[in-house]
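Enquirer: If it helps, the file is called start05.txt and holds compact mmCIF, C-alpha atoms:
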# COMPACT_ATOMS: atom_id res chain seq x y z
CA MET A 1 20.38 -85.88 23.71
CA THR A 2 18.52 -84.00 20.98
CA ILE A 3 14.98 -83.01 21.94
CA LYS A 4 12.88 -83.47 18.83
CA ASP A 5 9.31 -84.55 18.12
CA THR A 6 9.06 -87.69 16.01
CA PRO A 7 6.34 -88.64 13.50
CA GLN A 8 4.39 -91.78 14.31
CA ALA A 9 1.00 -93.15 13.24
CA TRP A 10 -0.75 -95.80 15.32
CA GLU A 11 -3.09 -98.25 13.58
CA ILE A 12 -6.60 -96.97 12.87
CA ARG A 13 -9.25 -99.71 12.70
CA ALA A 14 -12.07 -97.46 11.52
CA THR A 15 -12.72 -93.77 10.87
CA ARG A 16 -15.71 -91.56 10.16
CA THR A 17 -16.47 -87.85 9.86
CA PRO A 18 -19.69 -87.06 11.78
CA PHE A 19 -19.48 -83.30 11.15
CA VAL A 20 -18.25 -81.23 8.19
CA GLY A 21 -18.22 -77.45 8.52
CA GLY A 22 -17.28 -74.63 6.19
CA LYS A 23 -13.60 -74.63 7.12
CA THR A 24 -13.02 -77.57 9.47
CA SER A 25 -14.54 -80.95 10.28
CA VAL A 26 -14.67 -83.43 13.15
CA ARG A 27 -13.27 -86.92 12.70
CA THR A 28 -13.70 -90.02 14.86
CA ASP A 29 -10.94 -92.65 14.68
CA GLU A 30 -10.80 -96.04 16.40
CA VAL A 31 -7.12 -96.24 17.39
CA VAL A 32 -5.17 -99.31 18.54
CA MET A 33 -3.29 -98.61 21.79
CA PRO A 34 0.12 -100.20 22.63
CA ASP A 35 -1.64 -102.81 24.81
CA GLY A 36 -3.96 -103.80 21.95
CA ALA A 37 -7.02 -102.00 23.25
CA VAL A 38 -9.04 -100.02 20.71
CA VAL A 39 -10.23 -96.58 21.82
CA ARG A 40 -12.18 -93.80 20.11
CA ARG A 41 -10.52 -90.45 19.52
CA ASP A 42 -12.54 -87.43 18.31
CA TYR A 43 -10.66 -84.45 16.92
CA GLN A 44 -11.03 -81.41 14.73
CA VAL A 45 -9.50 -81.64 11.25
CA HIS A 46 -7.95 -78.28 10.32
CA PRO A 47 -6.25 -77.05 7.12
CA GLY A 48 -3.47 -75.27 9.02
CA SER A 49 -2.74 -71.59 9.60
CA VAL A 50 -0.10 -68.91 9.38
CA ALA A 51 0.54 -65.98 11.69
CA VAL A 52 2.78 -62.93 11.41
CA LEU A 53 4.69 -61.21 14.19
CA ALA A 54 5.29 -57.94 12.33
CA LEU A 55 7.98 -55.84 14.01
CA ASP A 56 8.50 -52.18 13.09
CA ASP A 57 11.64 -50.03 13.35
CA GLU A 58 10.65 -48.87 16.85
CA ASP A 59 10.57 -52.46 18.15
CA ARG A 60 6.79 -52.49 18.26
CA VAL A 61 4.60 -55.42 17.27
CA LEU A 62 1.61 -54.84 15.02
CA LEU A 63 -1.52 -56.11 16.76
CA ILE A 64 -5.18 -56.48 15.92
CA LYS A 65 -8.07 -56.89 18.34
CA GLN A 66 -10.87 -59.16 17.20
CA TYR A 67 -13.97 -60.77 18.69
CA ARG A 68 -13.63 -64.54 19.16
CA HIS A 69 -17.03 -66.06 19.79
CA PRO A 70 -15.98 -69.47 21.23
CA VAL A 71 -14.22 -67.74 24.16
CA ARG A 72 -16.55 -64.71 24.35
CA HIS A 73 -13.65 -62.25 24.27
CA LYS A 74 -12.12 -59.60 22.06
CA LEU A 75 -8.52 -60.75 21.90
CA TRP A 76 -5.35 -58.92 21.00
CA GLU A 77 -3.70 -61.00 18.29
CA ILE A 78 -1.11 -60.89 15.55
CA PRO A 79 -2.33 -61.10 11.92
CA ALA A 80 -3.19 -64.69 11.05
CA GLY A 81 -5.31 -66.79 8.75
CA LEU A 82 -6.06 -70.20 7.30
CA LEU A 83 -4.15 -72.00 4.61
CA ASP A 84 -7.10 -71.85 2.25
CA VAL A 85 -5.52 -73.80 -0.61
CA PRO A 86 -4.05 -77.31 -0.06
CA GLY A 87 -0.27 -77.17 -0.58
CA GLU A 88 -0.25 -73.36 -0.53
CA ASN A 89 3.13 -71.77 0.17
CA PRO A 90 2.77 -70.52 3.79
CA LEU A 91 4.92 -67.46 3.11
CA HIS A 92 2.51 -66.31 0.41
CA ALA A 93 -0.42 -66.92 2.77
CA ALA A 94 1.28 -64.91 5.54
CA GLN A 95 2.01 -62.01 3.18
CA ARG A 96 -1.65 -62.05 2.12
CA GLU A 97 -2.89 -61.99 5.73
CA LEU A 98 -0.61 -59.09 6.67
CA TYR A 99 -1.93 -57.15 3.70
CA GLU A 100 -5.58 -57.99 4.28
CA GLU A 101 -5.67 -57.44 8.04
CA ALA A 102 -3.25 -54.52 8.40
CA HIS A 103 -2.61 -53.16 4.86
CA VAL A 104 1.11 -53.59 5.53
CA LYS A 105 3.94 -55.26 3.61
CA ALA A 106 7.35 -56.42 4.88
CA GLU A 107 10.79 -56.74 3.29
CA ASP A 108 12.38 -59.34 5.59
CA TRP A 109 10.65 -62.63 6.44
CA ARG A 110 11.85 -65.50 8.63
CA VAL A 111 10.25 -68.50 10.32
CA LEU A 112 9.91 -67.74 14.02
CA THR A 113 8.41 -71.07 15.11
CA ASP A 114 5.96 -73.85 14.19
CA VAL A 115 3.37 -75.07 16.70
CA TYR A 116 0.49 -77.52 17.04
CA THR A 117 -2.09 -75.35 18.76
CA THR A 118 -4.09 -78.06 20.58
CA PRO A 119 -2.70 -81.48 19.62
CA GLY A 120 -4.93 -83.33 22.07
CA GLY A 121 -8.07 -82.36 20.16
CA CYS A 122 -7.16 -80.75 16.85
CA ASP A 123 -4.56 -81.35 14.12
CA GLU A 124 -4.05 -77.62 13.42
CA SER A 125 -0.45 -76.60 12.82
CA VAL A 126 0.55 -72.93 12.68
CA ARG A 127 3.68 -71.43 11.21
CA ILE A 128 4.53 -68.12 12.89
CA PHE A 129 6.66 -65.76 10.84
CA LEU A 130 8.78 -62.80 11.92
CA ALA A 131 8.32 -59.93 9.46
CA ARG A 132 10.50 -56.81 9.50
CA GLY A 133 11.05 -53.81 7.27
CA LEU A 134 7.40 -52.79 7.42
CA SER A 135 5.74 -50.23 5.17
CA GLU A 136 2.25 -49.29 4.04
CA ALA A 137 0.96 -51.59 1.33
CA GLU A 138 -0.02 -50.22 -2.04
CA GLY A 139 -3.49 -50.33 -3.55
CA GLN A 140 -6.94 -50.45 -2.02
CA ARG A 141 -7.54 -51.74 1.45
CA PHE A 142 -9.06 -55.21 1.66
CA ALA A 143 -12.83 -55.19 2.21
CA VAL A 144 -13.50 -56.64 5.67
CA GLU A 145 -16.67 -58.30 6.94
CA ASP A 146 -18.14 -60.12 9.96
CA GLU A 147 -15.81 -60.03 13.01
CA GLU A 148 -13.08 -58.30 11.01
CA ALA A 149 -15.33 -55.28 10.43
CA ASP A 150 -14.98 -54.47 14.15
CA MET A 151 -11.21 -54.99 14.24
CA GLU A 152 -8.93 -52.59 16.14
CA HIS A 153 -5.23 -51.99 15.42
CA ALA A 154 -2.26 -51.06 17.62
CA ARG A 155 1.53 -51.17 17.72
CA VAL A 156 2.89 -52.24 21.09
CA PRO A 157 6.54 -52.42 22.27
CA VAL A 158 7.91 -55.95 22.66
CA ALA A 159 8.79 -55.36 26.32
CA ASP A 160 5.21 -54.29 27.10
CA LEU A 161 3.84 -57.38 25.40
CA VAL A 162 6.09 -59.69 27.40
CA GLY A 163 4.75 -58.08 30.56
CA ALA A 164 1.17 -58.50 29.34
CA VAL A 165 1.78 -62.18 28.58
CA LEU A 166 3.25 -62.92 32.01
CA ALA A 167 0.53 -60.92 33.77
CA GLY A 168 -2.17 -62.96 32.02
CA TYR A 169 -3.57 -59.96 30.15
CA VAL A 170 -3.30 -61.46 26.65
CA HIS A 171 -4.16 -65.05 25.73
CA ASN A 172 -4.01 -65.58 21.98
CA ASN A 173 -1.79 -68.58 21.27
CA CYS A 174 0.09 -67.11 18.31
CA LEU A 175 0.71 -63.79 20.06
CA VAL A 176 2.01 -65.44 23.23
CA VAL A 177 4.19 -67.99 21.43
CA GLY A 178 5.40 -65.48 18.86
CA VAL A 179 6.47 -62.78 21.32
CA LEU A 180 8.21 -65.19 23.70
CA SER A 181 9.92 -66.92 20.75
CA LEU A 182 11.24 -63.56 19.56
CA VAL A 183 12.66 -62.82 23.01
CA ALA A 184 14.23 -66.30 23.15
CA ALA A 185 15.77 -65.87 19.70
CA ARG A 186 17.31 -62.56 20.70
CA ALA A 187 18.71 -64.09 23.87
CA GLY A 188 20.22 -66.97 21.88
CA GLU A 189 21.88 -66.80 18.47
CA GLY A 190 19.85 -63.78 17.33
CA VAL A 191 17.05 -63.39 14.83
CA GLU A 192 19.46 -63.62 11.90
CA ALA A 193 19.92 -67.30 12.81
CA LEU A 194 16.21 -68.06 12.43
CA ARG A 195 15.12 -70.40 9.66
CA PRO A 196 14.55 -68.89 6.21
CA ALA A 197 11.01 -67.92 5.24
CA GLU A 198 10.52 -70.95 2.99
CA ALA A 199 12.05 -73.54 5.30
CA PRO A 200 10.46 -77.02 5.04
CA TRP A 201 7.32 -77.56 7.12
CA PRO A 202 6.62 -81.31 7.47
CA ALA A 203 3.27 -80.71 9.18
CA ARG A 204 1.98 -78.87 6.09
CA PRO A 205 4.16 -79.71 3.05
CA PHE A 206 4.22 -77.15 0.24
CA GLU A 207 5.99 -76.35 -2.99
CA VAL A 208 8.29 -73.31 -3.16
Render the structure in this file as structure tokens.
Expert:
Amino acid sequence: MTIKDTPQAWEIRATRTPFVGGKTSVRTDEVVMPDGAVVRRDYQVHPGSVAVLALDDEDRVLLIKQYRHPVRHKLWEIPAGLLDVPGENPLHAAQRELYEEAHVKAEDWRVLTDVYTTPGGCDESVRIFLARGLSEAEGQRFAVEDEEADMEHARVPVADLVGAVLAGYVHNNCLVVGVLSLVAARAGEGVEALRPAEAPWPARPFEV
């Protein structure tokens, strides 16, 4: 048996968007259940995101620490950002985020994993890349503002991060999923068997 998610769209009798924000919105759909009942489902509409697990030659992961107001925490995370342009190539977006948040570039890119962050209440999909062959980016550093102005940086060994995940010390979704996916890939066919950087992404289609 092959374990694989399958696309499916149940009938929607009515839909409305009671809130529209700067980057996301909230939608209310009236959805027909298998027994014929019609129920209301509220969820956040999200453009999608990319994240980068950047691994240096000393087997350390590049991390940033940033304030996240909804959870009232400063979280250790991997570089990440929104897909600002509909249909944007996620690899290009990931390269941009690595440059803007860490002033770093990478020579080798692969898809580590794709995840729906909170499918019960949001349609956000994130593509997490593995980036290797790191070096300092050229040119001026990106001008940061708001929460990013208070950002901290660190490089932490993979083994230490696994311990932090299992101890409950770090909680960011992309960091947790990315680090454990890297360990799983190494224990399986190896990172060289990961999907190429521009592998299809049905959740957020794009043009190469």
Enquirer: Go through A:Ala37, A:Ala9, A:Leu161, A:Leu82 and flag the residue nearest Arg127 (chain A), using all atoms listed in the file for the distances.
Expert: A:Leu82
Enquirer: For a quick check of understanding, using all atoms listed in the file, which of A:Leu63, A:Ala164, A:Ala197, A:Ala203 has the smallest distance to Asp108 (chain A)?
Expert: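 Counting all atoms listed in the file, the residue closest to Asp108 (chain A) is A:Ala197.
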Enquirer: Looking at all atoms listed in the file, which of A:Pro196, A:Gly48, A:Pro34, A:Pro79 is the one that sits closest to Thr118 (chain A)?
Expert: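 For Thr118 (chain A), the nearest of the candidates is A:Gly48.
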Enquirer: CA of Asp29 (chain A) to CA of Pro70 (chain A): how many Å, to one decimal?
Expert: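 Atom-to-atom, CA of Asp29 (chain A) to CA of Pro70 (chain A), that is 24.6 Å.
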Enquirer: Suppose you want the space between CA of Val115 (chain A) and CA of Leu180 (chain A); what is it in Å?
Expert: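 Taking CA of Val115 (chain A) and CA of Leu180 (chain A), their separation equals 13.0 Å.
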Enquirer: For Gly178 (chain A), which residue among A:Phe129, A:Tyr67, A:Phe206, A:Trp10 is the nearest when counting all atoms listed in the file?
Expert: A:Phe129
Enquirer: Report as a list in words all protein, DNA and RNA residues lying within 12 Å of Phe19 (chain A), evaluated on all atoms listed in the file, omitting residues in the same chain fewer than 5 positions from it.
Expert: Thr24, Ser25, Val26, Arg27, Thr28, Asp42, Tyr43, Gln44 and Val45 of chain A
Enquirer: One decimal, Å: what's the distance from CA of Gly139 (chain A) over to CA of His103 (chain A), could you say?
Expert: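 Rounded to one decimal, the two atoms are 8.9 Å apart.
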Enquirer: Considering only C-alpha atoms, state which residue in the set A:Glu192, A:Leu62, A:Ala51, A:Gly87 is at the smallest distance from Ile128 (chain A).
Expert: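 Comparing A:Glu192, A:Leu62, A:Ala51, A:Gly87 against Ile128 (chain A), the winner is A:Ala51.
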Enquirer: Residues near Glu11 (chain A), anyone? I mean within 9 Å using only C-alpha atoms, not counting same-chain ones fewer than 6 positions away, as a list in words.
Expert: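 Using only C-alpha atoms, the neighbours found are Glu30, Val31, Val32 and Met33 of chain A.
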Enquirer: Under the rule that only C-alpha atoms are counted, which of A:Arg195, A:His73, A:Lys4, A:Arg204 is the nearest residue to Asn89 (chain A)?
Expert: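 Using only C-alpha atoms, Asn89 (chain A) sits closest to A:Arg204.
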Enquirer: Which protein, DNA or RNA residues are at most 12 Å from (4.1, -85.8, 11.3) in the file's coordinates when you count only C-alpha atoms, listed as an MDAnalysis selection string?
Expert: chainID A and resid 4:10 116 119 123:125 201:205
Enquirer: Could you name the residues that touch Ala154 (chain A) at 10 Å or less, counting only C-alpha atoms, but leaving out those on the same chain fewer than 3 positions away, as a ChimeraX atom specification?
Expert: /A:60-65,76,102
Enquirer: Print the selection's residues with C-alpha atoms to a file, as a CSV table (one decimal), keeping the file's coordinate frame.
Expert:
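Generated output (out33.csv):
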chain,number,residue,atom,x,y,z
A,60,ARG,CA,6.8,-52.5,18.3
A,61,VAL,CA,4.6,-55.4,17.3
A,62,LEU,CA,1.6,-54.8,15.0
A,63,LEU,CA,-1.5,-56.1,16.8
A,64,ILE,CA,-5.2,-56.5,15.9
A,65,LYS,CA,-8.1,-56.9,18.3
A,76,TRP,CA,-5.4,-58.9,21.0
A,102,ALA,CA,-3.2,-54.5,8.4
Enquirer: For region 63-72 of chain A, what centre and edge lengths in Å (one decimal) does the axis-aligned box get once 3 Å is added on each side of all its listed atoms, as JSON?
Expert:
{"center_x": -9.3, "center_y": -62.8, "center_z": 20.1, "size_x": 21.5, "size_y": 19.4, "size_z": 14.4}
